[in-house]
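*Asks:* Please see the structure below; I have some questions.
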Protein chains: 4
Amino acid sequence: MWVPLDIDVRFAETDLMGVVHHSAYVVWLEAGRIAWMNAAGMPYTEVAASGHHFAVTEIGIEYRTPAYFGDTVRLETRLVELRSRQVGFEYQLHCLAKDALLATGRSRHICVDLAGQMTRIPQDVAERLTAGMARLMERTPPGMKQ
Amino acid sequence: MWVPLDIDVRFAETDLMGVVHHSAYVVWLEAGRIAWMNAAGMPYTEVAASGHHFAVTEIGIEYRTPAYFGDTVRLETRLVELRSRQVGFEYQLHCLAKDALLATGRSRHICVDLAGQMTRIPQDVAERLTAGMARLMERTPPGMKQ
Amino acid sequence: MWVPLDIDVRFAETDLMGVVHHSAYVVWLEAGRIAWMNAAGMPYTEVAASGHHFAVTEIGIEYRTPAYFGDTVRLETRLVELRSRQVGFEYQLHCLAKDALLATGRSRHICVDLAGQMTRIPQDVAERLTAGMARLMERTPPGMKQ
Amino acid sequence: MWVPLDIDVRFAETDLMGVVHHSAYVVWLEAGRIAWMNAAGMPYTEVAASGHHFAVTEIGIEYRTPAYFGDTVRLETRLVELRSRQVGFEYQLHCLAKDALLATGRSRHICVDLAGQMTRIPQDVAERLTAGMARLMERTPPGMKQ
């Protein structure tokens, strides 16, 4: 149920230490959960179109090995929490070419309406996320990490 | 009628060349025109609250000397064009401590409504911009560049 | 000799107007010229490894139609200037799904060494850029825009 | 021993939800610890000039209330950990005008040399951080949070 996304490091994402700035990972994680939702059949664009957003309430990242310009980063994302008003994701970032674990992370979100008020995840959205999660589990080939 | 804004370079704005990435200047120019509008008595927050935005239609920057982490950048902004549906700004960026011209730039904007459609600048906004420009001109001390 | 790069708009690239912020395009153009150099057989990572950089001296963008979260942007890049110390690129950005021209742009660069001093483009780099440009021209299928 | 830094929200830092994007806070925290080091008498520019960096190994943020364009964010930073090879900071972000706690956060860092290898914090740097921390504690006026 991990969904992969390959990200080519942008030059603009580096800093004067010569490595990717740690804030870039936060933007990548967001791309990862959007890729997860696409793969699960519940595109975030449709959540937004329904007048809802998954506002970030927590983010945590551990950085292990720096990423460099020229690297392709394999970001893997999975949904780990699905409540009536909250969702949570976990992330792993590798540089496959260097067989290196770059970072791990997690995020939690509340469902908000267009006024920014916390609200229940619409039933349709919750059902499609659940169904997508089930389908993604079936799809994961044997031997792949779950 | 140039309005100054001092910007402390953020570490995150540097790149692996060890200098400020050229995209950071684009964000700074925006802060400069917002500072100009505040100084002119027509805060951009009020333009937005009225249901209008100044969408960017053109941007141009010439980069002369790099900026570094640790630098304070003096950004000067002035309004150079005010039409029924368009505005234009010019910018100069210096590092005062090094007596260096970092960059020059310009931007043009159209007024759009919340649907993104081009529209006339509301009369109130146009009048306050005009009055602000006049007041800023009076304020500029003799010997300062106009 | 236009080299395409497809870019999925990141949520983080949007602003409170609901569209992609104009500064994101500047980062995209950089990704476009890096894609061009890869396609031309002169990866920018090798330029950097040789102790050189193409520092941006000018950038200009005209914004026609906004891009939105959920859009895939087709960025096309070509080299339009190759001098002893300078290079220049042009860019076109479309949203293919909407058949819309989003923006056009250009950038100019000088070759600098690791100390940031302007220097000649290394002969090897210049030759590979020239050969790459020639090869890319041959590859462009008839009927495609040049 | 909390060091304050006031940050004017940049328009570019907002997203299509109309609030500040959560990745902007990560950049702000960095500005906060640089302000702390300046206040403590151990400017980060001097750490970098000595050939060392404090590479981020962990970051965590809890987001309570959104920040908006037009807000001034009061970021307070303190050093909470100082070991031979590591430092840790804590952060609080308020919108004073709205009397709202926006977010809390923390970061941990290892000292690395220019090759990116973990190394001891130079003795001079460690001593100045310790002395600065002591001086900042004395400076905190009674009644202020410690």
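Letters A, B, ... mark the chains of the structure tokens in the order given; residue numbers begin at 1 per chain; ligand numbers begin at 1, in order shown.
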Counting only C-alpha atoms, which residues of chain B come no farther than 7 Å from chain C, as a ChimeraX atom specification?
*Replies:* /B:22-23,26-27,56-64
*Asks:* Would you mind listing what lies within 12 Å of Gly132 of chain B as a PyMOL selection string, with only C-alpha atoms counted and same-chain residues fewer than 3 positions away left out?
*Replies:* chain B and resi 1-3+36-43+78-79+124-129+135-139
*Asks:* Out of chain D, which residues get strand (DSSP E or B) from DSSP, as an NGL selection string?
*Replies:* :D and (3-8 or 14 or 20 or 52-63 or 72-82 or 86-95 or 100-113 or 118)
*Asks:* What does the structure give for the distance between atom CA of Glu90 of chain C and atom CA of Val20 of chain A, in Å to one decimal?
*Replies:*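 Atom-to-atom, atom CA of Glu90 of chain C to atom CA of Val20 of chain A, that is 26.5 Å.
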*Asks:* Nearest to Lys98 of chain D: which of D:Met133, D:Ile121, D:Ala67, D:Ala31 is it, counting only C-alpha atoms?
*Replies:* D:Ala67
*Asks:* Please report the interatomic distance between atom CA of Ala35 of chain D and atom CA of Met118 of chain D in Å with one decimal.
*Replies:*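 Taking atom CA of Ala35 of chain D and atom CA of Met118 of chain D, their separation equals 23.7 Å.
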*Asks:* I need the residue nearest Thr45 of chain C from this list: A:Glu81, A:Glu76, A:Asp71, A:Asp6. Use only C-alpha atoms for the distance.
*Replies:* A:Asp71
*Asks:* For a test of reading the model, state the distance in Å between atom CA of Ile7 of chain C and atom CA of Ala49 of chain A, rounded to one decimal.
*Replies:*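 Spanning atom CA of Ile7 of chain C to atom CA of Ala49 of chain A is a straight-line distance of 21.3 Å.
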*Asks:* Neighbouring residues of Val80 of chain B were defined as those with any atom within 9 Å, considering only C-alpha atoms; residues of the same chain fewer than 3 positions away were excluded. Please report them as a PyMOL selection string.
*Replies:* chain B and resi 87-90
*Asks:* Enumerate as a PyMOL selection string all residues of segment 39-110 of chain A assigned to helix (DSSP H, G or I) by DSSP on the backbone, naming them with the chain letters and numbers the document uses.
*Replies:* chain A and resi 39-40+44-49+96-98
*Asks:* Pick out the residues sitting within 8 Å of His94 of chain B, and hand them over as a list in words; count only C-alpha atoms, and ignore anything fewer than 2 positions along from it in its own chain.
*Replies:*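 Final neighbour list, sorted by chain and number: Val73, Arg74, Leu75, Gln92, Leu96, Asp99, Ala100, Leu101, Leu102 and Ala103 of chain B.
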*Asks:* Of the residues C:Val47, C:Phe11, C:Ile110, C:Arg33, which is the one nearest to Arg85 of chain C, using only C-alpha atoms?
*Replies:*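 Closest to Arg85 of chain C of all the choices is C:Ile110.
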